[in-house]
Each structure stands twice: as structure tokens, then as C-alpha cells.
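Here's the structure we're looking at; comments come further down.
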Amino acid sequence: MNNPLALTVGAVTGVVMHHGVFIHGEWHLQAPSILVGHVSVFAVLLLASTRSSWLLIAGYLLSLFASITIYRLFFHPLRHFPGPLGARISKLWHVWQARKCKNFLVLDALHAQYGDFVRTGMSHPPHITRGITNRPGPNELTIFHPDIYIALDGPKSHCIKAEWYDLLHPRQSLVTTRDKAIHAARRRQWNRGFTAKSLAQYEAKILTYIDDLDALISHDAAHQNTTEINPLFYWFGFDTMGDFVFNKSFDMLHRGEWHFVIVLLRRAMSILGPLSPVPWVVQIAFRLCPRVGILPANPTQTPDVAFYLLEDAKTHASQIPWLTGDSILAIVAGSEPTASTLIGIFCELARGPVHADRIYREIRTTGVDVNDPRALARECPHLEAVVAEALRLYPALLTGGYRKTQGEGMWMGGKHGEEGAVFVPPFTTVVAPRFSVMRREDCFIRASEFLPERWSDEPWLVRNRAAYAPFGTGI
Ligand code: HEM
């Protein structure tokens, strides 16, 4: 093949691959195969070591990326939404900006610069995958509007979970399944392990870990040592979750060191911070990293979550592949948010000891049983308010919880035709950063300050309750 012909064939192939293949549907799950396929074809061509091989590859790559860039800049359905130029061209821009695990600050800065609707992503057109129908359309918008949580997860929402939730693929789990019917069925199994009776059993277990935590801190205090609290709260979170779900603690509080399984798990999960904006890179990274598999252990006399999930798997073989996914989910979902919330609470109590004093007085005055969480919640409004305010300033899910609109799209900020209403097109991935929304000055007076009173005796400090969703909408 002569040189001009090789360049032309490469260029035409690049444009055809973009408009005929890659522009259609979701490709994140196939990303590892696409990477390996491309590297293999390029390697075979380069083995020939001719100038035309190089030109073929160069023509292909240049035209592919030029076609993608032109489409994203000038023809993309989201082109009218404001956003940084780099984000319009490639999500790798976002990865670079969030490289120090500070995605919440990156998005917060975008909010300050561009307003409530910011284009932070590109496109995914017609495709049907596992019953999820996509058609040509835009992909990602980051929305800071206070009504976003009810719009995404409220009873009238048709949104589904976005591509990010395929992170455990091919494993499935309650939190990551994208199909609403499958999720509802799995949730019924989980709910059996969260009855009032089960919760009372869990509470009794938790108290023993709180005693362990207390003993460690008291020991440091007695020896006038500073306690490094962050690992202790993580050990507490993981130990309790191991016990709750698998009836087996990781025993980190006792041993005073990280369990290797948790180290592996957190290492694998750590790539999610910087790589969350690009689910296709997550897929590639997880295939290259050692997998962590934890199966429920230690059968128990008192039925817990693992008991019901194992029972279900015994009678329905199709549920077996869910056990690993759900075990990872249970450990991560239960421990990380608990630890990060505790760190937020204690950080603010250290900054403002007046709140610790007030909680102490509340407990002393009411004589409430500190081992009874329900009584504490009932009798100690300032304690409740401190927890609520810490969850507002330090939400466990700072930016996550990506959703995807469906065929009818979604109106935000009002109904169709109303002033200020914005239409979010069909099949848009929506990011709704809790960190920024829960610090909106128009929703919370003195929003960046820790003011627990807004949840007790000074409710006027909350202007718009809709913006507060540390646990989601509970649906
Ligand atoms: C301060 C503590 C916690 C906070 C702030 C918190 C927050 C959240 C949020 C925001 C979600 C929605 C995630 C999404 O949409 O992707 C979620 C889901 C979930 N959390 Fe928590 N969580 C906490 C503690 C726990 C604990 C202790 C457990 C114990 C098992 C747990 C189990 C779950 C499960 C199973 C889901 C998935 C529910 C479903 O998809 O139906 N969480 N949590």
C-alpha cells in the first residue's frame, strides 16, 4: 500500500469507527477488550515495520480523535450547557483535575464558575443493553439545583443508575444493580435482615465495639498520648460491619492494626476516587488489579443479613454470583460512611467543645440510658442535631450517586414552559454533588459553618430542606 493510500484508509476507518461504532451506546464494559484489540492490531501492523503501517495507524488515530473532538465541541446535544472546554472534549480532563481525590472541590469550583447546570461529559447514543434502551443523546451534566435529589430518586423519577454502577461487573450487588426490578427483588432479601428485631441485635453488638474504641482512647488519654482517631474509626466501621453481615469481626480494634483483606479492598476501591468520572478506565483498572473476594462466613444462630442472603442462594442458584458483590458492598457501604461521618462529627466537636458540653449536659439532665440509641435520639436533640449537621457538611457520598435520565428526559427548576425551568435531555448521566448542594447559601444560612442549632431550636437557619439528602431520599 502506498503512503497516501495508507493514510487515507486509516483516516476513513477512524471516522467510520467513531460514527458507525463508538458513538452508539455504552462502551465502558467493553473498554478492556477494545484496548487489547487495538493494541493487538497495531502490534501486528507494526511487525510489518513499513512506513505505510505507521501511516495507517497515525491516520486512524488522528481522524478518530479529530472526529470525536469536532462532534463534542460543535454537534453535541449538550453543547448549549456551560462548562470548561477541556470537559467538553474529554473526561480525561476531569480525571486530571480530580487526580488528588478532590473531585468534590473540582465540582464545587465549577459550580461557582458556571452555575447550577454544568456540562461535565460527552455522548452515548442508540443502544440496548440489558433492557436499558439508549438512543442518540448527551451524557453527563453536573446539577447543583436543590431539587435534584427528589428529581433523581423521588417516587416520580424514572432515572436509573448510571454506567459507574457497573464497577463490580460481572459481579452484581444490591447497590450496583442498574435494573430497578432486579434491585427491588434483591432489596426484599436485604430488608429481611433489617427488621426491628434484627436492628436491636445489631445495636447490642455495636456496643461491644464502642467499648473497645472507648478503651483505646482512654488508654491514650491515661498515658497522655495523642490518639490518631482516623484509623480507629475505620477499624470500628469495618469490625462492626464484618460482625453484622458475616458474624465475623475483622478484629482490627483488638489487634491495633489493619486487616490485610481490608487493606486490599481499600486499595482496589481507592482508584474509584480519581477514576469515577471515567467508568471505562475503572473497568480497565479493575481487570489489571488483583480482585478481592470475600464470602460470608461463620453461620450464626441469630439470623442476620448474611443468613438471609445465603438462604436465598441455597434455594435460588441464580443468586450465588451476588454473594461476592453483596459482601463487598456490605463492607464498604456500612463502614466507610460510618467512619467518615464519625471523623466529621469529632472534628467539629474538637473545634467547638461547646457542643460536646451541651451534649454532656443533655445526657446528665435527662438521665437517659446511653446504651439505648433510640432513647438518645429522643431525649438528646442537640446530639441528633450535631450528627445531622456533620452529615450535611461532610456527606459520606460527596459527589457519587450518578443517575441516568430515561427516554422522556427530566425537567428541573420548574415545569415545562415555566420560567427558569431547564430540560435535562434523555439518557443524560446526572451528577449531583452532595458536598456542594448541601452547602448552598440559598438553602442554609451561613452554609459553610457548623451550626447544629439549625436542626433543633433555630430551624430558620434552614431555608430549603430539599437540599439535605445525606442518605439519599430513602427510596
Ligand atoms: C453515616 C452513615 C451512612 C450514610 C451517610 C449512608 C449513605 C448512603 C447513601 C447516600 C446511599 C445511596 C448510594 C447510592 O445511591 O449509590 C446508601 C446506600 C446504601 N447503604 Fe448507606 N449510609 C450509611 C451507613 C450505612 C450502613 C451502616 C449500612 C449497613 C449495611 C449501609 C448500607 C447501605 C446499603 C445496603 C445501601 C444500598 C441500598 C440500596 O441500593 O437499596 N449504609 N447509603
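Identifiers for the C-alpha cells are assigned positionally: chains receive A, B, ... in sequence, residues are indexed from 1 per chain, and ligands are indexed from 1 in the order shown.
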I'd like the neighbourhood of Asn139 of chain A as a tab-separated table (two decimals) with N, CA and C atoms, in the first residue's frame, where a residue qualifies if any of its atoms comes within 12 Å (using only C-alpha atoms), though same-chain residues fewer than 5 positions away should be ignored.
```tsv
chain	number	residue	atom	x	y	z
A	23	ILE	N	-19.88	5.92	18.69
A	23	ILE	CA	-20.84	6.95	19.08
A	23	ILE	C	-22.15	6.32	19.58
A	24	HIS	N	-22.30	5.03	19.34
A	24	HIS	CA	-23.55	4.36	19.70
A	24	HIS	C	-23.41	3.59	21.01
A	25	GLY	N	-24.22	3.95	21.99
A	25	GLY	CA	-24.36	3.12	23.19
A	25	GLY	C	-23.26	3.25	24.21
A	26	GLU	N	-23.30	2.33	25.16
A	26	GLU	CA	-22.33	2.33	26.25
A	26	GLU	C	-21.19	1.39	25.91
A	72	ARG	N	-18.01	16.58	19.68
A	72	ARG	CA	-18.27	17.01	21.05
A	72	ARG	C	-18.33	18.54	21.18
A	76	HIS	N	-22.73	18.27	19.66
A	76	HIS	CA	-23.20	17.51	20.81
A	76	HIS	C	-24.49	18.11	21.36
A	77	PRO	N	-25.49	17.27	21.71
A	77	PRO	CA	-26.75	17.82	22.24
A	77	PRO	C	-26.59	18.64	23.52
A	78	LEU	N	-25.49	18.46	24.22
A	78	LEU	CA	-25.28	19.25	25.45
A	78	LEU	C	-24.47	20.52	25.19
A	79	ARG	N	-24.24	20.83	23.93
A	79	ARG	CA	-23.31	21.92	23.63
A	79	ARG	C	-23.77	23.27	24.19
A	81	PHE	N	-25.06	23.83	27.15
A	81	PHE	CA	-24.82	23.97	28.60
A	81	PHE	C	-23.40	24.49	28.82
A	87	ALA	N	-13.51	19.71	29.57
A	87	ALA	CA	-14.53	18.70	29.87
A	87	ALA	C	-15.39	18.41	28.66
A	88	ARG	N	-15.53	19.39	27.75
A	88	ARG	CA	-16.33	19.17	26.54
A	88	ARG	C	-15.63	18.20	25.60
A	90	SER	N	-12.92	15.86	26.55
A	90	SER	CA	-12.61	14.53	27.10
A	90	SER	C	-12.80	14.49	28.61
A	91	LYS	N	-13.33	13.35	29.08
A	91	LYS	CA	-13.46	13.16	30.52
A	91	LYS	C	-12.10	12.99	31.18
A	118	VAL	N	-23.89	22.31	34.81
A	118	VAL	CA	-22.56	22.36	34.18
A	118	VAL	C	-22.35	21.12	33.34
A	119	ARG	N	-21.94	21.34	32.10
A	119	ARG	CA	-21.64	20.19	31.25
A	119	ARG	C	-20.28	19.63	31.65
A	120	THR	N	-20.29	18.40	32.11
A	120	THR	CA	-19.02	17.78	32.50
A	120	THR	C	-18.76	16.50	31.72
A	121	GLY	N	-19.54	16.24	30.64
A	121	GLY	CA	-19.29	14.99	29.92
A	121	GLY	C	-19.80	14.99	28.50
A	122	MET	N	-19.68	13.83	27.87
A	122	MET	CA	-19.93	13.73	26.43
A	122	MET	C	-21.09	12.82	26.06
A	123	SER	N	-20.94	11.97	25.03
A	123	SER	CA	-22.14	11.33	24.47
A	123	SER	C	-22.16	9.81	24.47
A	124	HIS	N	-23.38	9.29	24.43
A	124	HIS	CA	-23.62	7.84	24.33
A	124	HIS	C	-24.89	7.57	23.56
A	125	PRO	N	-24.88	7.29	22.32
A	125	PRO	CA	-26.12	7.09	21.54
A	125	PRO	C	-26.69	5.66	21.35
A	134	ASN	N	-30.97	3.00	25.08
A	134	ASN	CA	-30.40	4.32	24.87
A	134	ASN	C	-30.64	4.71	23.44
A	162	ALA	N	-26.40	5.08	36.72
A	162	ALA	CA	-25.59	5.30	35.51
A	162	ALA	C	-24.48	4.25	35.38
A	163	GLU	N	-23.67	4.41	34.33
A	163	GLU	CA	-22.62	3.43	33.99
A	163	GLU	C	-21.68	3.13	35.16
A	277	PRO	N	-14.98	9.62	37.26
A	277	PRO	CA	-15.55	10.28	36.07
A	277	PRO	C	-15.45	9.43	34.80
A	278	VAL	N	-14.61	8.41	34.79
A	278	VAL	CA	-14.44	7.61	33.57
A	278	VAL	C	-14.65	6.13	33.86
A	402	TYR	N	-24.40	8.66	40.79
A	402	TYR	CA	-24.73	9.06	39.41
A	402	TYR	C	-26.02	8.36	38.95
A	403	ARG	N	-26.87	9.13	38.31
A	403	ARG	CA	-28.11	8.59	37.74
A	403	ARG	C	-28.18	8.92	36.26
A	404	LYS	N	-29.12	8.24	35.56
A	404	LYS	CA	-29.26	8.49	34.13
A	404	LYS	C	-30.72	8.72	33.81
A	405	THR	N	-31.04	9.82	33.13
A	405	THR	CA	-32.43	10.07	32.74
A	405	THR	C	-32.84	9.05	31.68
A	406	GLN	N	-34.15	8.86	31.56
A	406	GLN	CA	-34.63	7.91	30.55
A	406	GLN	C	-35.30	8.65	29.39
A	409	GLY	N	-36.62	12.27	29.33
A	409	GLY	CA	-35.80	13.36	29.87
A	409	GLY	C	-36.33	13.79	31.24
A	424	VAL	N	-33.46	18.53	31.05
A	424	VAL	CA	-32.30	17.65	31.01
A	424	VAL	C	-32.64	16.56	29.98
A	425	PRO	N	-31.91	16.50	28.89
A	425	PRO	CA	-32.30	15.60	27.79
A	425	PRO	C	-32.28	14.12	28.18
A	426	PRO	N	-32.95	13.30	27.35
A	426	PRO	CA	-32.96	11.85	27.62
A	426	PRO	C	-31.55	11.27	27.68
A	427	PHE	N	-31.41	10.25	28.49
A	427	PHE	CA	-30.17	9.47	28.58
A	427	PHE	C	-28.95	10.31	28.96
A	428	THR	N	-29.22	11.30	29.82
A	428	THR	CA	-28.13	12.12	30.37
A	428	THR	C	-27.70	11.51	31.71
A	429	THR	N	-26.42	11.36	31.87
A	429	THR	CA	-25.90	10.97	33.19
A	429	THR	C	-25.88	12.23	34.04
A	430	VAL	N	-26.51	12.14	35.22
A	430	VAL	CA	-26.59	13.32	36.08
A	430	VAL	C	-25.75	13.10	37.34
A	431	VAL	N	-24.87	14.04	37.60
A	431	VAL	CA	-24.06	14.03	38.82
A	431	VAL	C	-24.64	15.12	39.72
```
Practice task
Using DSSP on the backbone coordinates, identify the residues of segment 110-281 of chain A assigned to strand (DSSP E or B); present them as a list in words.
Solution key: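 Residues meeting the strand (DSSP E or B) criterion: Phe117, Val118, Arg119, Ser123, His127, Ile128, Thr129, Ile132, Thr133, Asn134, Pro138, Glu140, Leu141, Thr142, Ile143, Ile160 and Lys161 of chain A.
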Please, could you write that set of residues out with N, CA and C atoms as a compact mmCIF listing (two decimals), in the first residue's frame?
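Wrote out_15.txt, looks like this:
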```
# COMPACT_ATOMS: atom_id res chain seq x y z
N PHE A 117 -26.07 24.29 36.40
CA PHE A 117 -26.05 23.21 35.41
C PHE A 117 -24.73 23.31 34.64
N VAL A 118 -23.89 22.31 34.81
CA VAL A 118 -22.56 22.36 34.18
C VAL A 118 -22.35 21.12 33.34
N ARG A 119 -21.94 21.34 32.10
CA ARG A 119 -21.64 20.19 31.25
C ARG A 119 -20.28 19.63 31.65
N SER A 123 -20.94 11.97 25.03
CA SER A 123 -22.14 11.33 24.47
C SER A 123 -22.16 9.81 24.47
N HIS A 127 -28.64 2.24 21.50
CA HIS A 127 -28.05 1.02 22.02
C HIS A 127 -29.07 0.39 22.96
N ILE A 128 -29.07 -0.92 23.00
CA ILE A 128 -29.89 -1.57 24.02
C ILE A 128 -28.99 -2.49 24.81
N THR A 129 -28.92 -2.27 26.11
CA THR A 129 -28.07 -3.12 26.91
C THR A 129 -28.84 -3.58 28.14
N ILE A 132 -31.85 -1.82 29.06
CA ILE A 132 -31.76 -0.37 29.21
C ILE A 132 -31.60 0.22 27.81
N THR A 133 -32.62 0.92 27.35
CA THR A 133 -32.56 1.43 25.99
C THR A 133 -31.94 2.82 25.96
N ASN A 134 -30.97 3.00 25.08
CA ASN A 134 -30.40 4.32 24.87
C ASN A 134 -30.64 4.71 23.44
N PRO A 138 -27.02 13.08 24.75
CA PRO A 138 -25.87 13.56 25.51
C PRO A 138 -25.59 12.67 26.70
N GLU A 140 -23.26 13.58 30.18
CA GLU A 140 -23.16 13.97 31.59
C GLU A 140 -23.35 15.46 31.88
N LEU A 141 -24.24 15.72 32.83
CA LEU A 141 -24.43 17.07 33.36
C LEU A 141 -24.23 16.99 34.86
N THR A 142 -23.56 17.99 35.43
CA THR A 142 -23.49 18.06 36.88
C THR A 142 -24.48 19.13 37.31
N ILE A 143 -25.41 18.74 38.17
CA ILE A 143 -26.51 19.63 38.55
C ILE A 143 -26.44 19.93 40.04
N ILE A 160 -32.45 5.85 36.13
CA ILE A 160 -31.80 4.61 36.58
C ILE A 160 -30.37 4.94 37.00
N LYS A 161 -29.69 3.98 37.58
CA LYS A 161 -28.29 4.20 37.94
C LYS A 161 -27.44 4.26 36.66
```
Please find the residues contacting ligand 1 at a distance of at most 6 Å between atoms, with only C-alpha atoms and all ligand atoms counted, and report them as a PDB file with N, CA, C and O atoms, in the first residue's frame.
```pdb
ATOM      1  N   LEU A 174     -26.551  -5.390  45.450  1.00  0.00           N
ATOM      2  CA  LEU A 174     -27.753  -4.580  45.657  1.00  0.00           C
ATOM      3  C   LEU A 174     -27.544  -3.148  45.187  1.00  0.00           C
ATOM      4  O   LEU A 174     -28.329  -2.610  44.408  1.00  0.00           O
ATOM      5  N   VAL A 175     -26.442  -2.533  45.657  1.00  0.00           N
ATOM      6  CA  VAL A 175     -26.288  -1.103  45.372  1.00  0.00           C
ATOM      7  C   VAL A 175     -25.892  -0.847  43.922  1.00  0.00           C
ATOM      8  O   VAL A 175     -26.179   0.207  43.375  1.00  0.00           O
ATOM      9  N   ARG A 187     -33.546  -6.208  47.177  1.00  0.00           N
ATOM     10  CA  ARG A 187     -33.768  -5.378  48.356  1.00  0.00           C
ATOM     11  C   ARG A 187     -34.711  -6.075  49.344  1.00  0.00           C
ATOM     12  O   ARG A 187     -34.558  -5.959  50.558  1.00  0.00           O
ATOM     13  N   ALA A 330     -21.579  -4.674  51.270  1.00  0.00           N
ATOM     14  CA  ALA A 330     -21.974  -4.519  52.664  1.00  0.00           C
ATOM     15  C   ALA A 330     -20.824  -3.937  53.475  1.00  0.00           C
ATOM     16  O   ALA A 330     -21.017  -3.046  54.297  1.00  0.00           O
ATOM     17  N   ALA A 333     -20.245  -0.216  52.051  1.00  0.00           N
ATOM     18  CA  ALA A 333     -21.389   0.689  52.288  1.00  0.00           C
ATOM     19  C   ALA A 333     -21.588   0.943  53.765  1.00  0.00           C
ATOM     20  O   ALA A 333     -21.993   2.021  54.170  1.00  0.00           O
ATOM     21  N   GLY A 334     -21.296  -0.055  54.596  1.00  0.00           N
ATOM     22  CA  GLY A 334     -21.554   0.111  56.017  1.00  0.00           C
ATOM     23  C   GLY A 334     -20.427   0.780  56.774  1.00  0.00           C
ATOM     24  O   GLY A 334     -20.668   1.523  57.719  1.00  0.00           O
ATOM     25  N   PRO A 337     -18.939   5.049  55.229  1.00  0.00           N
ATOM     26  CA  PRO A 337     -19.731   6.212  55.633  1.00  0.00           C
ATOM     27  C   PRO A 337     -19.749   6.411  57.144  1.00  0.00           C
ATOM     28  O   PRO A 337     -19.691   7.541  57.624  1.00  0.00           O
ATOM     29  N   THR A 338     -19.775   5.295  57.888  1.00  0.00           N
ATOM     30  CA  THR A 338     -19.782   5.423  59.351  1.00  0.00           C
ATOM     31  C   THR A 338     -18.493   6.105  59.803  1.00  0.00           C
ATOM     32  O   THR A 338     -18.516   7.042  60.606  1.00  0.00           O
ATOM     33  N   THR A 341     -18.267   9.820  58.710  1.00  0.00           N
ATOM     34  CA  THR A 341     -19.193  10.664  59.474  1.00  0.00           C
ATOM     35  C   THR A 341     -18.671  10.877  60.891  1.00  0.00           C
ATOM     36  O   THR A 341     -18.709  11.987  61.420  1.00  0.00           O
ATOM     37  N   ALA A 396     -21.128  11.402  53.373  1.00  0.00           N
ATOM     38  CA  ALA A 396     -20.312  10.232  53.040  1.00  0.00           C
ATOM     39  C   ALA A 396     -20.150  10.115  51.522  1.00  0.00           C
ATOM     40  O   ALA A 396     -19.098   9.742  51.013  1.00  0.00           O
ATOM     41  N   LEU A 397     -21.214  10.434  50.807  1.00  0.00           N
ATOM     42  CA  LEU A 397     -21.165  10.390  49.344  1.00  0.00           C
ATOM     43  C   LEU A 397     -21.025  11.829  48.856  1.00  0.00           C
ATOM     44  O   LEU A 397     -22.008  12.532  48.677  1.00  0.00           O
ATOM     45  N   GLY A 401     -23.321   8.778  43.348  1.00  0.00           N
ATOM     46  CA  GLY A 401     -24.763   8.582  43.201  1.00  0.00           C
ATOM     47  C   GLY A 401     -25.234   8.951  41.807  1.00  0.00           C
ATOM     48  O   GLY A 401     -26.321   9.492  41.645  1.00  0.00           O
ATOM     49  N   PRO A 470     -28.279  13.467  52.918  1.00  0.00           N
ATOM     50  CA  PRO A 470     -27.064  12.680  53.147  1.00  0.00           C
ATOM     51  C   PRO A 470     -27.264  11.184  52.925  1.00  0.00           C
ATOM     52  O   PRO A 470     -26.333  10.469  52.589  1.00  0.00           O
ATOM     53  N   PHE A 471     -28.501  10.698  53.117  1.00  0.00           N
ATOM     54  CA  PHE A 471     -28.778   9.267  52.902  1.00  0.00           C
ATOM     55  C   PHE A 471     -29.519   9.037  51.590  1.00  0.00           C
ATOM     56  O   PHE A 471     -30.083   7.972  51.381  1.00  0.00           O
ATOM     57  N   GLY A 472     -29.574  10.025  50.709  1.00  0.00           N
ATOM     58  CA  GLY A 472     -30.422   9.912  49.529  1.00  0.00           C
ATOM     59  C   GLY A 472     -31.847  10.233  49.941  1.00  0.00           C
ATOM     60  O   GLY A 472     -32.080  10.867  50.979  1.00  0.00           O
TER      61      GLY A 472
END
```
Exercise for the section: Report as a PyMOL selection string: the residues of segment 62-217 of chain A with a DSSP assignment of alpha helix (DSSP H), based on the backbone of this structure. Expected result: chain A and resi 62-70+85-89+92-97+103-114+148-153+180-192+196-217
Problem - From A:Val44, A:Ala385, A:Val462, A:Ile182, residue lying nearest Ala447 of chain A [only C-alpha atoms] - result: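 When distances to Ala447 of chain A are compared using only C-alpha atoms, the smallest one comes from A:Val462.
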Can you list every residue of segment 307-416 of chain A that has an atom at most 12 Å from segment 208-232 of chain A, with its nearest atom pair and the distance in Å to one decimal, using only C-alpha atoms, ordered by chain then number, as CSV?
```
residue,atom,partner,partner_atom,distance
A:Ser335,CA,A:Leu232,CA,11.7
A:Glu336,CA,A:Asn230,CA,11.2
A:Thr338,CA,A:Asn230,CA,11.5
A:Ala339,CA,A:Asn230,CA,7.7
A:Ser340,CA,A:Asn230,CA,8.4
A:Thr341,CA,A:Asn230,CA,10.8
A:Leu342,CA,A:Asn230,CA,8.9
A:Ile343,CA,A:Asn230,CA,6.5
A:Gly344,CA,A:Asn230,CA,10.1
A:Ile345,CA,A:Ile229,CA,11.7
A:Phe346,CA,A:Ile229,CA,9.0
A:Cys347,CA,A:Ile229,CA,9.7
A:Ala350,CA,A:Ile229,CA,11.8
A:Val370,CA,A:Ile210,CA,11.4
A:Asn371,CA,A:Ile210,CA,10.0
```
Practice task
Please provide the set of residues having any atom within 12 Å of Ser270 of chain A, restricted to only C-alpha atoms, with same-chain residues fewer than 4 positions apart removed, written as a PyMOL selection string.
Solution key: chain A and resi 99-101+262-266+274-276+282+285-286+289+332+336
Write out the residues from the selection above, keeping N, CA, C and O atoms, as a PDB file, in the first residue's frame.
```pdb
ATOM      1  N   ARG A  99      -7.230  14.471  40.211  1.00  0.00           N
ATOM      2  CA  ARG A  99      -6.187  13.459  40.441  1.00  0.00           C
ATOM      3  C   ARG A  99      -5.801  13.323  41.904  1.00  0.00           C
ATOM      4  O   ARG A  99      -5.294  12.308  42.314  1.00  0.00           O
ATOM      5  N   LYS A 100      -6.032  14.364  42.712  1.00  0.00           N
ATOM      6  CA  LYS A 100      -5.646  14.255  44.123  1.00  0.00           C
ATOM      7  C   LYS A 100      -6.849  13.886  44.987  1.00  0.00           C
ATOM      8  O   LYS A 100      -6.924  14.280  46.165  1.00  0.00           O
ATOM      9  N   CYS A 101      -7.793  13.121  44.396  1.00  0.00           N
ATOM     10  CA  CYS A 101      -9.000  12.694  45.116  1.00  0.00           C
ATOM     11  C   CYS A 101      -9.800  13.890  45.636  1.00  0.00           C
ATOM     12  O   CYS A 101     -10.336  13.848  46.742  1.00  0.00           O
ATOM     13  N   ILE A 262      -8.931  -5.887  54.302  1.00  0.00           N
ATOM     14  CA  ILE A 262      -9.451  -4.519  54.234  1.00  0.00           C
ATOM     15  C   ILE A 262      -8.453  -3.614  53.508  1.00  0.00           C
ATOM     16  O   ILE A 262      -8.838  -2.733  52.735  1.00  0.00           O
ATOM     17  N   VAL A 263      -7.173  -3.863  53.730  1.00  0.00           N
ATOM     18  CA  VAL A 263      -6.151  -3.072  53.024  1.00  0.00           C
ATOM     19  C   VAL A 263      -6.309  -3.292  51.518  1.00  0.00           C
ATOM     20  O   VAL A 263      -6.332  -2.340  50.727  1.00  0.00           O
ATOM     21  N   LEU A 264      -6.474  -4.567  51.117  1.00  0.00           N
ATOM     22  CA  LEU A 264      -6.638  -4.873  49.689  1.00  0.00           C
ATOM     23  C   LEU A 264      -7.902  -4.223  49.137  1.00  0.00           C
ATOM     24  O   LEU A 264      -7.900  -3.631  48.060  1.00  0.00           O
ATOM     25  N   LEU A 265      -8.968  -4.361  49.914  1.00  0.00           N
ATOM     26  CA  LEU A 265     -10.251  -3.823  49.470  1.00  0.00           C
ATOM     27  C   LEU A 265     -10.157  -2.304  49.282  1.00  0.00           C
ATOM     28  O   LEU A 265     -10.581  -1.760  48.257  1.00  0.00           O
ATOM     29  N   ARG A 266      -9.562  -1.625  50.256  1.00  0.00           N
ATOM     30  CA  ARG A 266      -9.480  -0.162  50.179  1.00  0.00           C
ATOM     31  C   ARG A 266      -8.536   0.260  49.057  1.00  0.00           C
ATOM     32  O   ARG A 266      -8.753   1.266  48.394  1.00  0.00           O
ATOM     33  N   PRO A 274     -10.240   9.036  41.927  1.00  0.00           N
ATOM     34  CA  PRO A 274      -9.833   9.783  40.735  1.00  0.00           C
ATOM     35  C   PRO A 274     -10.463   9.281  39.437  1.00  0.00           C
ATOM     36  O   PRO A 274     -10.604  10.043  38.495  1.00  0.00           O
ATOM     37  N   LEU A 275     -10.837   7.984  39.388  1.00  0.00           N
ATOM     38  CA  LEU A 275     -11.317   7.434  38.107  1.00  0.00           C
ATOM     39  C   LEU A 275     -12.838   7.386  37.974  1.00  0.00           C
ATOM     40  O   LEU A 275     -13.350   6.954  36.939  1.00  0.00           O
ATOM     41  N   SER A 276     -13.562   7.826  38.999  1.00  0.00           N
ATOM     42  CA  SER A 276     -15.021   7.781  38.904  1.00  0.00           C
ATOM     43  C   SER A 276     -15.583   8.499  37.683  1.00  0.00           C
ATOM     44  O   SER A 276     -16.572   8.064  37.112  1.00  0.00           O
ATOM     45  N   VAL A 282     -12.140   2.664  34.857  1.00  0.00           N
ATOM     46  CA  VAL A 282     -12.318   1.816  36.049  1.00  0.00           C
ATOM     47  C   VAL A 282     -12.352   0.350  35.624  1.00  0.00           C
ATOM     48  O   VAL A 282     -11.725  -0.520  36.241  1.00  0.00           O
ATOM     49  N   ALA A 285      -8.883  -0.671  34.795  1.00  0.00           N
ATOM     50  CA  ALA A 285      -8.051  -0.751  36.006  1.00  0.00           C
ATOM     51  C   ALA A 285      -8.392  -1.981  36.838  1.00  0.00           C
ATOM     52  O   ALA A 285      -7.503  -2.689  37.313  1.00  0.00           O
ATOM     53  N   PHE A 286      -9.715  -2.282  36.991  1.00  0.00           N
ATOM     54  CA  PHE A 286     -10.098  -3.434  37.815  1.00  0.00           C
ATOM     55  C   PHE A 286      -9.658  -4.756  37.190  1.00  0.00           C
ATOM     56  O   PHE A 286      -9.380  -5.719  37.890  1.00  0.00           O
ATOM     57  N   CYS A 289      -6.012  -5.018  38.202  1.00  0.00           N
ATOM     58  CA  CYS A 289      -5.691  -5.115  39.644  1.00  0.00           C
ATOM     59  C   CYS A 289      -6.137  -6.462  40.188  1.00  0.00           C
ATOM     60  O   CYS A 289      -7.116  -7.013  39.717  1.00  0.00           O
ATOM     61  N   VAL A 332     -18.196  -2.168  52.392  1.00  0.00           N
ATOM     62  CA  VAL A 332     -17.864  -0.785  52.029  1.00  0.00           C
ATOM     63  C   VAL A 332     -18.991   0.162  52.419  1.00  0.00           C
ATOM     64  O   VAL A 332     -18.767   1.195  53.049  1.00  0.00           O
ATOM     65  N   GLU A 336     -17.316   2.601  55.491  1.00  0.00           N
ATOM     66  CA  GLU A 336     -16.727   3.883  55.065  1.00  0.00           C
ATOM     67  C   GLU A 336     -17.596   5.076  55.486  1.00  0.00           C
ATOM     68  O   GLU A 336     -17.077   6.027  56.067  1.00  0.00           O
TER      69      GLU A 336
END
```
Problem - Asp251 of chain A environment, 7 Å, only C-alpha atoms, sequence neighbours closer than 3 positions dropped, as a PyMOL selection string - result: chain A and resi 239+254-255
Emit the selected residues as a PDB file, in the first residue's frame, including N, CA and C atoms.
```pdb
ATOM      1  N   ASP A 239     -14.867  -3.438  61.554  1.00  0.00           N
ATOM      2  CA  ASP A 239     -15.101  -4.525  62.523  1.00  0.00           C
ATOM      3  C   ASP A 239     -16.592  -4.752  62.740  1.00  0.00           C
ATOM      4  N   HIS A 254      -9.018  -4.761  68.269  1.00  0.00           N
ATOM      5  CA  HIS A 254      -8.279  -5.557  69.266  1.00  0.00           C
ATOM      6  C   HIS A 254      -6.813  -5.666  68.914  1.00  0.00           C
ATOM      7  N   ARG A 255      -6.558  -5.943  67.629  1.00  0.00           N
ATOM      8  CA  ARG A 255      -5.172  -6.191  67.225  1.00  0.00           C
ATOM      9  C   ARG A 255      -4.395  -4.894  67.008  1.00  0.00           C
TER      10      ARG A 255
END
```
Practice task
Work out how far atom CA of Gly14 of chain A is from atom CA of Phe75 of chain A, in Å to one decimal.
Solution key: 17.9 Å
Problem - Nearby residues (only C-alpha atoms) at most 12 Å from Ile57 of chain A, same-chain spacing under 4 positions excluded, as an MDAnalysis selection string - result: chainID A and resid 3 6:14 38:39 41:46 49:53 61:64
Handout entry: Selection near Asp116 of chain A, 7 Å with only C-alpha atoms, sequence-local residues under 4 positions removed, as a list in words
Key = His111, Ile143, Phe144 and His145 of chain A
